[in-house]
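Since the structure comes first, as structure tokens, the remarks are kept for the end.
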Amino acid sequence: MACPQHHDSLLPSQAFLWFLLLDLGLLPSPSFAACGDPPTFPNMEISGPAKLTYDVGERVVYKCKPGYQKVVSETIFTICGADNNWPPISSDACRKRSCSTPRDPLNGQVNVLNGSYELGTQIQFVCNNGFYLVGAETLHCLVKGSSVEWSEEDPSCQKLLCQPPPEITNGGYSTDQEEFEYLDVVTYTCNSNTGPDPFSLIGEAKLHCIGRNLWSGDPPECKVVKCPYPTVPNGRQTSGFSAKHYYKSTVTFACLEGFFLQGHNMVVCEANSTWQPALPRCGKEPPPPPTFRPVSRGIQSSRSAPSGSAPSSSQSGNSKSSERLHCERGRAWIIAVTIVLQEYSFIYA
Ligand SMILES: *[C@@H]1O[C@H](CO)[C@@H](O)[C@H](O)[C@H]1NC(C)=O
Ligand SMILES: *[C@@H]1O[C@H](CO)[C@@H](O)[C@H](O)[C@H]1NC(C)=O
């Protein structure tokens with residue numbers, strides 16, 4: 001008859017023998033008298049190699065993980081309990097290490113993003129106006145070996161400079177500076193033309209150095225801008241009289257007696273030597289009379305009735321005579337009906 005292998009089914013006499021052998025250290029530890037994995041912590045780890053099981057009474061010693069430091073002098077440990085459980089222990093003994101206190105760079109500042117310089121925090125570097133950052137903007141406090149360090153070298157703030165802005169044809173700026181500082185200005189002017197018409201400056205005359213090699217805009221253009229002499233048949237100029245019209249020259253028009261203006265009465269000479277908008281026309285046909293539209297009046301006077309309703313319901317004292325007539329007719333009707341009703345009740349009283 002084969003002996004049963006399982007401990008639970010041991011006979012009393014066999015159990016005695018088994019405990020005896022266990023006491024003598026001749027048998028492996030039984031599964032019901034051991035602890036499993038000891039508790040884990042974000043800031044502590046067990047000292048030495050881990051085991052699969054731990055005997056009752058066996059001690060596990062903890063040490064701080066890299067990046068953490070011990071803040072108590074005692075050994076941190078736990079003991080496998082008789083109930084096969086690890087009694088809880090505090091993890092306050094290991095605190096995050098802090099990275100070195102960063103210093104403001106010259107011409108810049110360092111910003112603390114997380115309120116401290118502890119493991120896992122970030123700091124950010126910003127340069128003053130007129131300076132730019134060389135190096136990493138954000139540093140992280142990371143584990144290095146058993147301690148902590150900033151992820152990168154501190155960056156520095158360098159003075160921001162602009163190279164001279166582009167040269168232009170028919171114009172330029174009057175300085176031979178090799179480099180420009182932050183917010184320095186160059187002013188372009190157009191050359192005087194040897195031909196009959198002057199050069200006009202189109203665009204911004206002044207450029208500012210606003211970043212590292214960055215100017216506030218494109219340089220202007222210098223060229224002859226000349227619009228054709230503006231004539232409007234059956235019309236006359238009312239302002240902007242000139243024999244020649246250059247860039248941004250402005251002319252206004254009116255029509256002669258009996259003619260009506262179509263288009264805009266004011267035009268401007270634009271960079272492509274055309275009048276904008278197009279020159280107006282003076283025609284025989286009068287413009288269409290302004291149409292009666294209760295919708296637009298409803299929008300103008302906010303306290304009047306909704307735009308869809310009849311004008312007679314308007315309370316805003318409108319100046320349109322047709323509307324007033326309509327109101328008065330309505331009032332007359334009400335008076336007439338009231339009189340009729342009064343007479344009716346008088347007769348039958
Ligand atoms: C630190 O602050 C930054 C920016 O506010 C945030 O994105 C990051 O999650 C914070 N880190 C920690 C560890 O609190
Ligand atoms: C001239 O420039 C104006 C804008 O200023 C533009 O609307 C017009 O189309 C241009 N005309 C020609 C002929 O390029």
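Chain lettering (A, B, ...) mirrors the order of the structure tokens, residue numbering begins at 1 for each chain separately, and ligand numbering begins at 1 in order of display.
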
Around ligand 1, out to 8 Å and counting only C-alpha atoms and all ligand atoms, which residues are there? I want them as an mmCIF file with N, CA, C and O atoms, in the first residue's frame.
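For reference, selection-v2.cif as written:
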data_model
loop_
_atom_site.group_PDB
_atom_site.id
_atom_site.type_symbol
_atom_site.label_atom_id
_atom_site.label_comp_id
_atom_site.auth_asym_id
_atom_site.auth_seq_id
_atom_site.Cartn_x
_atom_site.Cartn_y
_atom_site.Cartn_z
ATOM 1 N N LEU A 113 8.875 74.897 -10.470
ATOM 2 C CA LEU A 113 7.540 74.509 -10.960
ATOM 3 C C LEU A 113 6.759 73.688 -9.948
ATOM 4 O O LEU A 113 5.536 73.676 -9.990
ATOM 5 N N ASN A 114 7.425 72.988 -9.048
ATOM 6 C CA ASN A 114 6.703 72.075 -8.163
ATOM 7 C C ASN A 114 6.913 72.394 -6.690
ATOM 8 O O ASN A 114 6.667 71.553 -5.832
ATOM 9 N N GLY A 120 12.080 64.152 -8.916
ATOM 10 C CA GLY A 120 10.850 64.157 -9.717
ATOM 11 C C GLY A 120 10.324 65.546 -10.044
ATOM 12 O O GLY A 120 9.383 65.659 -10.812
ATOM 13 N N THR A 121 10.910 66.583 -9.473
ATOM 14 C CA THR A 121 10.409 67.936 -9.750
ATOM 15 C C THR A 121 11.116 68.532 -10.975
ATOM 16 O O THR A 121 12.092 67.967 -11.474
ATOM 17 N N GLN A 122 10.584 69.657 -11.418
ATOM 18 C CA GLN A 122 11.134 70.338 -12.593
ATOM 19 C C GLN A 122 11.417 71.797 -12.261
ATOM 20 O O GLN A 122 10.720 72.388 -11.443
#

Name the residues in contact with region 163-175 of chain A at a cut-off of 10 Å, using only C-alpha atoms, excluding same-chain residues fewer than 4 positions from it; report them as a ChimeraX atom specification. /A:179-181,186-193,199-201,205-209,212-215,217-224

I need the chosen residues saved as a short mmCIF file (atom, residue, chain, number, x, y, z; two decimals), in the first residue's frame, with N, CA and C atoms.
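In the end it all went to again33.cif:
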data_model
loop_
_atom_site.label_atom_id
_atom_site.label_comp_id
_atom_site.auth_asym_id
_atom_site.auth_seq_id
_atom_site.Cartn_x
_atom_site.Cartn_y
_atom_site.Cartn_z
N GLU A 179 26.08 94.81 -36.23
CA GLU A 179 25.03 94.06 -35.53
C GLU A 179 24.18 95.02 -34.72
N PHE A 180 22.96 94.60 -34.46
CA PHE A 180 21.98 95.45 -33.80
C PHE A 180 21.49 94.74 -32.54
N GLU A 181 21.22 95.55 -31.52
CA GLU A 181 20.73 94.98 -30.27
C GLU A 181 19.21 94.91 -30.27
N VAL A 186 16.06 100.33 -37.49
CA VAL A 186 16.65 100.89 -38.72
C VAL A 186 15.51 101.54 -39.49
N THR A 187 15.81 102.68 -40.10
CA THR A 187 14.79 103.41 -40.86
C THR A 187 15.23 103.47 -42.32
N TYR A 188 14.39 102.92 -43.17
CA TYR A 188 14.67 102.94 -44.60
C TYR A 188 14.17 104.24 -45.20
N THR A 189 14.89 104.75 -46.19
CA THR A 189 14.39 105.88 -47.00
C THR A 189 14.65 105.52 -48.46
N CYS A 190 13.89 106.15 -49.34
CA CYS A 190 14.08 105.90 -50.76
C CYS A 190 15.07 106.92 -51.32
N ASN A 191 15.84 106.47 -52.28
CA ASN A 191 16.76 107.39 -52.96
C ASN A 191 15.95 108.42 -53.74
N SER A 192 16.59 109.59 -54.03
CA SER A 192 15.89 110.52 -54.91
C SER A 192 16.14 110.03 -56.35
N ASN A 193 15.09 110.08 -57.12
CA ASN A 193 15.14 109.51 -58.46
C ASN A 193 15.75 110.52 -59.43
N PHE A 199 10.64 108.12 -56.09
CA PHE A 199 10.34 106.77 -55.61
C PHE A 199 9.44 106.89 -54.38
N SER A 200 8.46 106.03 -54.31
CA SER A 200 7.60 105.98 -53.13
C SER A 200 8.03 104.80 -52.26
N LEU A 201 7.96 105.00 -50.95
CA LEU A 201 8.28 103.93 -50.01
C LEU A 201 7.00 103.16 -49.70
N ALA A 205 8.59 101.82 -43.00
CA ALA A 205 9.92 102.43 -43.12
C ALA A 205 10.84 101.94 -42.00
N LYS A 206 10.27 101.66 -40.80
CA LYS A 206 11.09 101.28 -39.64
C LYS A 206 10.98 99.79 -39.36
N LEU A 207 12.13 99.16 -39.15
CA LEU A 207 12.16 97.76 -38.70
C LEU A 207 12.83 97.73 -37.33
N HIS A 208 12.30 96.87 -36.45
CA HIS A 208 12.86 96.72 -35.10
C HIS A 208 13.47 95.33 -34.96
N CYS A 209 14.57 95.27 -34.25
CA CYS A 209 15.17 93.96 -33.93
C CYS A 209 14.36 93.39 -32.76
N ARG A 212 16.27 86.98 -31.94
CA ARG A 212 17.61 86.62 -32.38
C ARG A 212 17.59 86.57 -33.90
N ASN A 213 18.27 87.55 -34.53
CA ASN A 213 18.27 87.66 -35.99
C ASN A 213 16.87 87.75 -36.57
N LEU A 214 16.01 88.42 -35.84
CA LEU A 214 14.61 88.52 -36.28
C LEU A 214 14.18 89.99 -36.27
N TRP A 215 13.82 90.47 -37.46
CA TRP A 215 13.34 91.84 -37.61
C TRP A 215 11.83 91.83 -37.61
N GLY A 217 9.60 92.92 -39.47
CA GLY A 217 8.84 92.71 -40.71
C GLY A 217 9.76 92.69 -41.91
N ASP A 218 9.14 92.64 -43.08
CA ASP A 218 9.91 92.69 -44.32
C ASP A 218 10.33 94.13 -44.58
N PRO A 219 11.46 94.33 -45.25
CA PRO A 219 11.85 95.72 -45.56
C PRO A 219 10.87 96.33 -46.56
N PRO A 220 10.78 97.65 -46.60
CA PRO A 220 9.86 98.28 -47.55
C PRO A 220 10.41 98.20 -48.97
N GLU A 221 9.63 98.68 -49.90
CA GLU A 221 10.00 98.67 -51.31
C GLU A 221 10.04 100.12 -51.78
N CYS A 222 11.01 100.45 -52.63
CA CYS A 222 11.07 101.80 -53.20
C CYS A 222 10.86 101.70 -54.70
N LYS A 223 9.80 102.28 -55.18
CA LYS A 223 9.55 102.25 -56.63
C LYS A 223 8.67 103.43 -57.02
N VAL A 224 8.64 103.71 -58.32
CA VAL A 224 7.79 104.79 -58.81
C VAL A 224 6.35 104.28 -58.85
#

Skipping near chain neighbours, those fewer than 6 positions away, what residues fall within 7 Å of region 91-98 of chain A using only C-alpha atoms, listed as a list of chain:residue names?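 Skipping anything fewer than 6 positions along the chain leaves A:Asn43, A:Met44, A:Cys64, A:Gly67, A:Tyr68, A:Gln69, A:Lys70, A:Val71, A:Val72, A:Tyr117, A:Glu118, A:Leu119, A:Val148.
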
Got a sec to tell me which of region 99-306 of chain A DSSP assigns to alpha helix (DSSP H), as a list in words?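 Those in region 99-306 of chain A that DSSP calls alpha helix (DSSP H) are Pro294, Val295, Ser296, Arg297, Gly298, Ile299 and Gln300 of chain A.
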
For ligand 2, return the neighbouring residues as an MDAnalysis selection string (distance at most 8 Å; only C-alpha atoms and all ligand atoms). chainID A and resid 270:277

CA of His264 (chain A) and CA of Lys244 (chain A) are how many Å apart? 20.7 Å

May I ask which of the residues A:Pro290, A:Lys65, A:Thr78, A:Ile89 is the closest one to Lys144 (chain A), counting only C-alpha atoms?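 Once distances to Lys144 (chain A) are computed over only C-alpha atoms, the minimum belongs to A:Lys65.
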
Neighbouring residues of Ala33 (chain A) were defined as those with any atom within 7 Å, considering only C-alpha atoms; residues of the same chain fewer than 6 positions away were excluded. Please report them as a list in words.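 In the requested format, the answer is Asp55, Val56 and Asn84 of chain A.
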
Written file, previous selection with N, CA and C atoms, as an mmCIF file, in the first residue's frame:
data_model
loop_
_atom_site.group_PDB
_atom_site.id
_atom_site.type_symbol
_atom_site.label_atom_id
_atom_site.label_comp_id
_atom_site.auth_asym_id
_atom_site.auth_seq_id
_atom_site.Cartn_x
_atom_site.Cartn_y
_atom_site.Cartn_z
ATOM 1 N N ASP A 55 10.266 32.035 6.507
ATOM 2 C CA ASP A 55 9.772 31.293 7.667
ATOM 3 C C ASP A 55 9.157 32.255 8.667
ATOM 4 N N VAL A 56 8.255 31.705 9.475
ATOM 5 C CA VAL A 56 7.705 32.478 10.584
ATOM 6 C C VAL A 56 8.865 32.911 11.480
ATOM 7 N N ASN A 84 1.327 34.052 9.242
ATOM 8 C CA ASN A 84 1.844 34.045 7.864
ATOM 9 C C ASN A 84 1.704 35.408 7.174
#

Residues flagged strand (DSSP E or B) by DSSP in region 8-160 of chain A, as a PyMOL selection string: chain A and resi 34-35+44-46+54-55+59-64+68-70+76-79+94-96+98+108-112+118+122-127+131-134+138-144+147-150+156-159

Between CA of Asn265 (chain A) and CA of Thr252 (chain A), measure the distance and give it in Å to one decimal. 5.4 Å

Find the residues near Ala34 (chain A): any atom within 9 Å, counting only C-alpha atoms, skip ones fewer than 4 places away on the same chain, and give them as a PyMOL selection string. chain A and resi 29-30+53-58+80-85

What is the CA of Phe125 (chain A)-CA of His140 (chain A) distance in Å, reported with one decimal?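 CA of His140 (chain A) lies at a distance of 11.8 Å from CA of Phe125 (chain A).
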
All residues 7 Å or closer to Tyr182 (chain A), only C-alpha atoms, same chain fewer than 3 positions away omitted, as a ChimeraX atom specification: /A:130,160-161,209-211

Selection file, C-alpha atoms, as a PDB file, in the first residue's frame:
ATOM      1  CA  GLY A 130      16.856  91.023 -25.098  1.00  0.00           C
ATOM      2  CA  LEU A 160      20.203  88.701 -28.502  1.00  0.00           C
ATOM      3  CA  LEU A 161      21.532  90.386 -31.651  1.00  0.00           C
ATOM      4  CA  CYS A 209      15.166  93.962 -33.932  1.00  0.00           C
ATOM      5  CA  ILE A 210      12.667  91.831 -31.979  1.00  0.00           C
ATOM      6  CA  GLY A 211      14.422  88.463 -31.692  1.00  0.00           C
TER       7      GLY A 211
END

Within 6 Å of region 245-248 of chain A, counting only C-alpha atoms, which residues show up once you throw out same-chain ones fewer than 5 positions away? Write them as a tab-separated table (two decimals) with C-alpha atoms, in the first residue's frame, please.
chain	number	residue	atom	x	y	z
A	225	VAL	CA	4.05	104.68	-58.19
A	226	LYS	CA	2.11	106.91	-60.53
A	227	CYS	CA	-1.59	106.66	-61.20
A	268	VAL	CA	-6.66	106.23	-53.60
A	269	CYS	CA	-3.57	105.68	-55.76
A	270	GLU	CA	-2.29	102.24	-54.72
